[in-house]
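Asker: Following this message is one structure expressed as structure tokens.
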Amino acid sequence: MTSEMREPTFFVLTALAGGPRHGYGVIQEVERLSGGRTKLRAGTLYAAFDRLTADGLIEVESEEVVDGRLRRYYRLTESGNLTLGAESRRRMTISKEALRRLRISEGFA
Amino acid sequence: MTTPERRYRRWLWAYPKEYRNVHGEEILSTLLDANSEGGRYARLDFFQVMAHGTHVRLTLTAKRFGRGTLPRSVRGAIACLLVVAVLNLVESLTAHKRSQESWRSHRQHHRGVRSHRALRASQNMESILLHSRHGSAHRPDGHELCEHVHDE
């Protein structure tokens, strides 16, 4: 991840930070995390999975077949953990600064 | 095989074989899970699967020809164009005969209106040229076209 991380990518990594999840599990978790604002669809999700796998941030953890449906679970790699941590700190710094400038940081920091 | 499953399996043809063999089943499961509570977003899913499939195909092709991958923006643009082209093709092939006919008659009507307008425009032009020789710029239908031209 050289450039700035996009919002859906950030959400996908955050969803996987809680433990391995399969495709639909990530979709549900991202929807919950974003308060219903970000609804990933299969095409975008797997495009993100491809990119994150190629970047070495996520990997396949396990597979299982439920009701004849294949579920492949993904998890964060060590590099994924570090990247998500760095991105979260960066976002937190910016958010804190924004709140400070708005002079409403009391109670948030 | 249920109908939605069959439909989603057809969508998976958007992906090249190599990719479909590895990810086809899990994408299918995700599509089925995501649309189990009603298919309101199935159309959006279709577009995104087509776009992603095209993207994967372009990436694989670029790798195969050993030129490295194209910039993401370029691939995105090509993917969009291909998707639109494919959709237009599908639409024209699968369009209902009746709707095609109504569309055709609508177009013929439209063409008729256009040619009628063109005829009127050329007639007006003729009369303007004719009248301008006599120093007047009035259209035959009584509407003033321009007040200051053709003052000879």
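Going by the structure tokens order, chains are called A, B, ..., each with residues numbered from 1, while ligands are numbered from 1 in the order shown.
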Could you list, with a cut-off of 9 Å and counting only C-alpha atoms, the residues of chain B near chain A, each shown with its nearest atom pair and the distance in Å rounded to one decimal, rows sorted by chain and ascending number, as a tab-separated table?
Answerer:
```
residue	atom	partner	partner_atom	distance
B:His23	CA	A:Tyr46	CA	8.8
B:Glu25	CA	A:Leu70	CA	5.9
B:Glu26	CA	A:Leu70	CA	5.3
B:Ile27	CA	A:Ala42	CA	6.6
B:Leu28	CA	A:Arg69	CA	8.1
B:Ser29	CA	A:Arg69	CA	5.5
B:Thr30	CA	A:Tyr24	CA	5.2
B:Leu31	CA	A:Ala42	CA	6.1
B:Asp33	CA	A:Tyr24	CA	6.5
B:Ala34	CA	A:Tyr24	CA	6.4
B:Tyr41	CA	A:Arg41	CA	8.5
B:Leu44	CA	A:Arg41	CA	7.8
B:Asp45	CA	A:Arg41	CA	6.0
B:Phe46	CA	A:Gly43	CA	8.2
B:Phe47	CA	A:Gly43	CA	8.2
B:Gln48	CA	A:Gly43	CA	4.7
B:Val49	CA	A:Gly43	CA	4.5
B:Met50	CA	A:Gly43	CA	7.9
B:Ala51	CA	A:Gly43	CA	7.5
B:His52	CA	A:Gly43	CA	5.6
B:Gly53	CA	A:Gly43	CA	8.2
B:His55	CA	A:Ala47	CA	8.7
B:Val56	CA	A:Ala47	CA	8.5
```
Asker: Determine, counting only C-alpha atoms, which protein, DNA and RNA residues have an atom within 12 Å of an atom of B:Val74; residues of the same chain fewer than 4 positions away are not included. Present the result as a count of residues only.
Answerer: 10
Asker: Run DSSP on the backbone of this structure and report the residues of chain A it assigns to strand (DSSP E or B), as a list in words.
Answerer: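 For chain A, the strand (DSSP E or B) set is Arg21, His22, Ile58, Glu59, Val60, Glu61, Ser62, Glu63, Glu64, Val65, Val66, Arg69, Leu70, Arg71, Arg72, Tyr73, Tyr74, Arg75 and Leu76 of chain A.
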Asker: Write a file of the selected residues as a tab-separated table (two decimals), in the first residue's frame, keeping N, CA, C and O atoms.
Answerer:
```
chain	number	residue	atom	x	y	z
A	21	ARG	N	-12.92	-14.25	8.19
A	21	ARG	CA	-14.31	-14.20	7.72
A	21	ARG	C	-14.38	-14.63	6.26
A	21	ARG	O	-13.41	-14.46	5.52
A	22	HIS	N	-15.54	-15.12	5.87
A	22	HIS	CA	-15.74	-15.45	4.45
A	22	HIS	C	-16.36	-14.26	3.76
A	22	HIS	O	-16.69	-13.25	4.40
A	58	ILE	N	-3.72	-9.85	3.01
A	58	ILE	CA	-4.64	-10.89	3.50
A	58	ILE	C	-4.26	-12.22	2.87
A	58	ILE	O	-3.51	-12.26	1.88
A	59	GLU	N	-4.76	-13.32	3.45
A	59	GLU	CA	-4.51	-14.65	2.88
A	59	GLU	C	-5.69	-15.55	3.22
A	59	GLU	O	-6.49	-15.25	4.12
A	60	VAL	N	-5.77	-16.66	2.49
A	60	VAL	CA	-6.83	-17.63	2.75
A	60	VAL	C	-6.50	-18.37	4.04
A	60	VAL	O	-5.37	-18.83	4.22
A	61	GLU	N	-7.49	-18.44	4.95
A	61	GLU	CA	-7.26	-19.12	6.21
A	61	GLU	C	-7.74	-20.56	6.14
A	61	GLU	O	-7.03	-21.48	6.52
A	62	SER	N	-8.99	-20.74	5.67
A	62	SER	CA	-9.55	-22.09	5.57
A	62	SER	C	-10.73	-22.10	4.62
A	62	SER	O	-11.15	-21.05	4.12
A	63	GLU	N	-11.22	-23.28	4.36
A	63	GLU	CA	-12.39	-23.43	3.50
A	63	GLU	C	-13.35	-24.40	4.14
A	63	GLU	O	-12.94	-25.31	4.85
A	64	GLU	N	-14.63	-24.18	3.90
A	64	GLU	CA	-15.61	-25.17	4.35
A	64	GLU	C	-16.79	-25.16	3.40
A	64	GLU	O	-17.04	-24.16	2.72
A	65	VAL	N	-17.49	-26.26	3.35
A	65	VAL	CA	-18.66	-26.35	2.49
A	65	VAL	C	-19.89	-26.46	3.37
A	65	VAL	O	-20.01	-27.39	4.18
A	66	VAL	N	-20.77	-25.45	3.28
A	66	VAL	CA	-22.01	-25.45	4.05
A	66	VAL	C	-23.19	-25.47	3.09
A	66	VAL	O	-23.30	-24.59	2.23
A	69	ARG	N	-22.42	-25.04	-0.41
A	69	ARG	CA	-21.81	-23.77	-0.82
A	69	ARG	C	-20.40	-23.66	-0.25
A	69	ARG	O	-20.21	-23.84	0.96
A	70	LEU	N	-19.46	-23.32	-1.13
A	70	LEU	CA	-18.08	-23.18	-0.68
A	70	LEU	C	-17.89	-21.84	0.02
A	70	LEU	O	-18.26	-20.80	-0.50
A	71	ARG	N	-17.33	-21.91	1.23
A	71	ARG	CA	-17.00	-20.68	1.95
A	71	ARG	C	-15.50	-20.66	2.18
A	71	ARG	O	-14.95	-21.58	2.77
A	72	ARG	N	-14.87	-19.61	1.68
A	72	ARG	CA	-13.43	-19.48	1.86
A	72	ARG	C	-13.20	-18.34	2.83
A	72	ARG	O	-13.65	-17.21	2.62
A	73	TYR	N	-12.49	-18.65	3.91
A	73	TYR	CA	-12.23	-17.66	4.96
A	73	TYR	C	-10.90	-16.96	4.72
A	73	TYR	O	-9.90	-17.62	4.42
A	74	TYR	N	-10.92	-15.65	4.89
A	74	TYR	CA	-9.70	-14.85	4.73
A	74	TYR	C	-9.30	-14.26	6.07
A	74	TYR	O	-10.14	-14.02	6.93
A	75	ARG	N	-7.99	-14.04	6.24
A	75	ARG	CA	-7.51	-13.40	7.46
A	75	ARG	C	-6.41	-12.40	7.11
A	75	ARG	O	-5.82	-12.46	6.02
A	76	LEU	N	-6.13	-11.52	8.06
A	76	LEU	CA	-5.05	-10.55	7.86
A	76	LEU	C	-3.70	-11.27	8.00
A	76	LEU	O	-3.55	-12.15	8.85
```
Asker: I'd like to know which residues of stretch 45-108 of chain A are helix (DSSP H, G or I) (by DSSP, run on the backbone); could you write them as number ranges by chain?
Answerer: A: 45-54, 78-102
